[in-house]
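Chemist: What follows is the file structure-v6.txt, containing compact mmCIF, C-alpha atoms:
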# COMPACT_ATOMS: atom_id res chain seq x y z
CA MET A 173 101.11 -59.47 35.12
CA SER A 174 100.16 -60.87 31.79
CA ASN A 175 100.30 -64.49 30.84
CA VAL A 176 101.73 -63.65 27.41
CA THR A 177 105.06 -65.27 26.62
CA ASN A 178 107.71 -63.95 24.30
CA ASN A 179 107.56 -65.31 20.82
CA ARG A 180 110.88 -66.90 19.83
CA ARG A 181 110.36 -66.03 16.23
CA SER A 182 109.56 -62.37 16.79
CA LYS A 183 110.10 -60.25 13.74
CA PRO A 184 112.11 -57.04 13.73
CA ALA A 185 110.24 -53.75 14.17
CA SER A 186 110.92 -52.70 10.57
CA GLU A 187 109.19 -55.83 9.25
CA ILE A 188 106.24 -55.41 11.61
CA ARG A 189 105.73 -51.82 10.42
CA ARG A 190 105.43 -53.01 6.82
CA MET A 191 102.60 -55.48 7.64
CA CYS A 192 98.93 -54.70 7.11
CA PRO A 193 97.00 -53.86 10.32
CA GLN A 194 95.39 -57.32 10.67
CA GLN A 195 98.71 -59.15 10.35
CA ARG A 196 100.40 -56.65 12.68
CA ALA A 197 97.66 -57.22 15.32
CA ARG A 198 98.07 -60.99 15.08
CA GLN A 199 101.85 -60.71 15.39
CA LEU A 200 101.81 -58.29 18.32
CA ALA A 201 99.16 -60.29 20.21
CA TYR A 202 101.78 -62.86 21.12
CA GLN A 203 104.53 -60.37 22.01
CA GLU A 204 105.27 -59.05 25.48
CA GLN A 205 103.31 -55.88 26.26
CA SER A 206 105.17 -52.62 26.66
CA LYS A 207 105.52 -50.96 30.09
CA ASP A 208 102.96 -48.27 29.25
CA VAL A 209 100.38 -50.88 28.22
CA ARG A 210 101.02 -52.96 31.35
CA LYS A 211 100.58 -49.87 33.56
CA ALA A 212 97.30 -48.99 31.84
CA VAL A 213 95.96 -52.57 32.23
CA THR A 214 96.85 -52.75 35.95
CA ALA A 215 95.33 -49.29 36.54
CA SER A 216 92.07 -50.29 34.85
CA GLU A 217 91.90 -53.57 36.82
CA HIS A 218 92.47 -51.59 40.02
CA ARG A 219 89.62 -49.17 39.17
CA VAL A 220 87.27 -52.09 38.45
CA ARG A 221 88.09 -53.73 41.80
CA GLU A 222 87.51 -50.43 43.65
CA ARG A 223 84.13 -49.93 42.02
CA CYS A 224 83.04 -53.49 42.86
CA ALA A 225 84.09 -53.01 46.49
CA ALA A 226 82.26 -49.66 46.70
CA ALA A 227 79.12 -51.20 45.21
CA ARG A 228 79.20 -53.98 47.83
CA GLU A 229 79.60 -51.48 50.67
CA ASN A 230 76.71 -49.26 49.51
CA VAL A 231 74.16 -52.07 49.63
CA PRO A 232 72.02 -51.43 52.74
CA ALA A 233 71.30 -54.31 55.10
CA ALA A 234 67.71 -55.57 55.03
CA ASP A 235 65.68 -54.92 58.16
CA ALA A 236 64.12 -57.78 60.07
CA THR A 237 60.64 -56.38 59.36
CA GLN A 238 61.30 -56.34 55.64
CA GLU A 239 62.51 -59.91 55.84
CA GLU A 240 59.35 -60.97 57.73
CA GLU A 241 57.16 -59.16 55.20
CA ARG A 242 58.98 -60.91 52.38
CA LYS A 243 58.44 -64.30 54.05
CA LEU A 244 54.74 -63.59 54.64
CA ARG A 245 54.34 -62.43 51.06
CA GLY A 246 56.07 -65.59 49.86
CA ALA A 247 53.80 -67.77 52.00
CA LEU A 248 50.70 -65.97 50.71
CA ILE A 249 51.82 -66.37 47.11
CA GLY A 250 52.45 -70.06 47.77
CA GLN A 251 48.95 -70.50 49.17
CA LEU A 252 47.42 -68.70 46.20
CA LYS A 253 49.34 -70.85 43.74
CA ALA A 254 48.27 -74.01 45.59
CA ALA A 255 44.63 -72.90 45.51
CA GLU A 256 44.85 -72.19 41.79
CA ALA A 257 46.39 -75.62 41.19
CA ARG A 258 43.63 -77.32 43.21
CA ASP A 259 41.00 -75.41 41.21
CA ARG A 260 42.60 -76.41 37.90
CA ILE A 261 42.65 -80.07 38.97
CA ARG A 262 39.02 -79.88 40.09
CA LEU A 263 37.97 -78.36 36.78
CA MET A 264 39.91 -81.00 34.85
CA ARG A 265 38.18 -83.77 36.82
CA LEU A 266 34.75 -82.24 36.20
CA ARG A 267 35.49 -81.84 32.50
CA TYR A 268 36.69 -85.45 32.26
CA GLN A 269 33.63 -86.79 34.09
CA THR A 270 31.28 -84.73 31.94
CA LEU A 271 32.89 -85.87 28.70
CA ARG A 272 32.91 -89.50 29.88
CA THR A 273 29.23 -89.32 30.81
CA GLN A 274 28.33 -87.79 27.46
CA GLU A 275 30.31 -90.45 25.60
CA ILE A 276 28.66 -93.30 27.53
CA ASN A 277 25.20 -91.81 26.98
CA LEU A 278 25.95 -91.51 23.27
CA MET A 279 27.11 -95.14 23.12
CA ILE A 280 23.98 -96.28 24.94
CA SER A 281 21.68 -94.28 22.65
CA TRP A 282 23.28 -95.80 19.53
CA GLN A 283 22.61 -99.41 20.55
CA SER A 284 20.43 -101.31 18.09
CA THR A 285 18.13 -102.90 20.69
CA ALA A 286 16.86 -101.85 24.07
CA GLN A 287 18.34 -105.00 25.61
CA ASN A 288 21.82 -104.09 24.37
CA ALA A 289 21.35 -100.54 25.63
CA ILE A 290 20.35 -101.77 29.10
CA ARG A 291 23.26 -104.23 29.18
CA LEU A 292 25.73 -101.48 28.21
CA HIS A 293 24.18 -99.10 30.76
CA LEU A 294 24.70 -101.70 33.50
CA LEU A 295 28.27 -102.46 32.43
CA MET A 296 29.29 -98.81 32.11
CA PRO A 297 27.49 -96.90 34.84
CA VAL A 298 26.87 -93.28 34.07
CA LYS A 299 27.59 -90.93 36.92
CA GLU A 300 24.26 -89.54 37.90
CA ASP A 301 23.94 -85.83 38.48
CA LYS A 302 23.33 -85.04 42.11
CA VAL A 303 19.95 -83.46 42.55
CA ALA A 304 19.61 -81.08 45.45
CA LEU A 305 16.64 -82.32 47.45
CA HIS A 306 15.35 -79.37 49.37
CA ASP A 307 12.03 -78.98 51.08
CA THR A 308 9.47 -77.45 48.71
CA LEU A 309 6.51 -77.64 51.06
CA ASP A 310 5.21 -74.70 53.04
CA LYS A 311 3.84 -74.96 56.61
CA ILE A 312 0.28 -75.78 55.59
CA GLN A 313 1.32 -78.43 53.08
CA ARG A 314 3.77 -79.92 55.61
CA ALA A 315 0.99 -80.16 58.27
CA ARG A 316 -1.33 -81.87 55.75
CA VAL A 317 1.36 -84.43 54.77
CA GLU A 318 2.09 -85.19 58.42
CA GLN A 319 -1.61 -85.59 59.12
CA LEU A 320 -1.90 -88.07 56.25
CA LEU A 321 1.15 -90.03 57.40
CA GLU A 322 -0.09 -90.25 61.00
CA ASP A 323 -3.48 -91.60 59.92
CA LYS A 324 -3.03 -95.34 60.47
CA GLN A 325 -6.56 -96.30 59.48
CA GLY A 326 -6.75 -94.12 56.37
CA LEU A 327 -9.83 -92.21 57.55
CA THR A 328 -8.53 -88.90 56.26
CA PHE A 329 -8.22 -89.76 52.56
CA ILE A 330 -10.36 -92.91 52.18
CA ARG A 331 -13.92 -91.86 51.94
CA SER A 332 -16.75 -94.31 51.73
Rewrite the structure of this file - the entire thing - as structure tokens.

Modeler:
Amino acid sequence: MSNVTNNRRSKPASEIRRMCPQQRARQLAYQEQSKDVRKAVTASEHRVRERCAAARENVPAADATQEEERKLRGALIGQLKAAEARDRIRLMRLRYQTLRTQEINLMISWQSTAQNAIRLHLLMPVKEDKVALHDTLDKIQRARVEQLLEDKQGLTFIRS
């Protein structure tokens, strides 16, 4: 049923008919609905409820395999997002260190004296680039270096 209450000051039907449509709509909004209108409202509410119930019944239940696939997919997406976040943080750190090193080198190069430059270099250490030290000697060169290192008396390279 409707929650509309009867208006105590309801106007007679003849007066309502003489009103313009906007005023008539405002006046009738607070009046009790007619039986035909109430039947139409309840019928439409009933149809809406039936359609909602039918929609809920037609939804198929998810299989266990689909649920497992969804969980695996979610875990994989989580791992990918975590890897991307780690990569972004690593790149930010590298960018920060590079900019800091460049700034310190610039400050050191603009010092007026070498003594001030050395003092600033010692106070603000620049992160040195790591140099990959790999073996550049071939077998013959390696044998020659070992021969020179094993020579305790220096007979191999000191000639008289």

Chemist: For the atom pair CA of Arg198 (chain A) and CA of Pro184 (chain A), what is the interatomic distance in Å to one decimal place?

Modeler: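 Separation between CA of Arg198 (chain A) and CA of Pro184 (chain A): 14.6 Å.
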
Chemist: In Å to one decimal, how far is CA of Met264 (chain A) from CA of Leu248 (chain A)?

Modeler: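 According to the coordinates, CA of Leu248 (chain A) and CA of Met264 (chain A) are separated by 24.4 Å.
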
Chemist: Quick check, in Å to one decimal: how far apart do CA of Met296 (chain A) and CA of Ile276 (chain A) lie?

Modeler: 7.2 Å

Chemist: Leaving out Ser281 (chain A) and any residue of its chain fewer than 6 positions from it, which residues lie within 10 Å of it when counting all atoms listed in the file, given as a PDB file with C-alpha atoms, keeping the file's coordinate frame?

Modeler:
ATOM      1  CA  GLU A 275      30.310 -90.450  25.600  1.00  0.00           C
ATOM      2  CA  ASN A 288      21.820-104.090  24.370  1.00  0.00           C
ATOM      3  CA  ALA A 289      21.350-100.540  25.630  1.00  0.00           C
ATOM      4  CA  ILE A 290      20.350-101.770  29.100  1.00  0.00           C
ATOM      5  CA  LEU A 292      25.730-101.480  28.210  1.00  0.00           C
ATOM      6  CA  HIS A 293      24.180 -99.100  30.760  1.00  0.00           C
TER       7      HIS A 293
END

Chemist: Could you check the closest approach to Arg272 (chain A) for each of A:Glu318, A:Tyr202, A:Asp310, A:Pro297 and tell me which residue wins, using all atoms listed in the file?

Modeler: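 Among A:Glu318, A:Tyr202, A:Asp310, A:Pro297, it is A:Pro297 that comes nearest to Arg272 (chain A).
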
Chemist: Nearest to Leu294 (chain A): which of A:Leu244, A:Ser206, A:His306, A:Asn277 is it, counting only C-alpha atoms?

Modeler: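 For Leu294 (chain A), the nearest of the candidates is A:Asn277.
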
Chemist: Calculated over all atoms listed in the file, which of the candidates A:Ser182, A:Glu240, A:Ser216, A:Leu278 has the smallest distance to Glu204 (chain A)?

Modeler: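 Of the candidates, the smallest distance to Glu204 (chain A) is held by A:Ser182.
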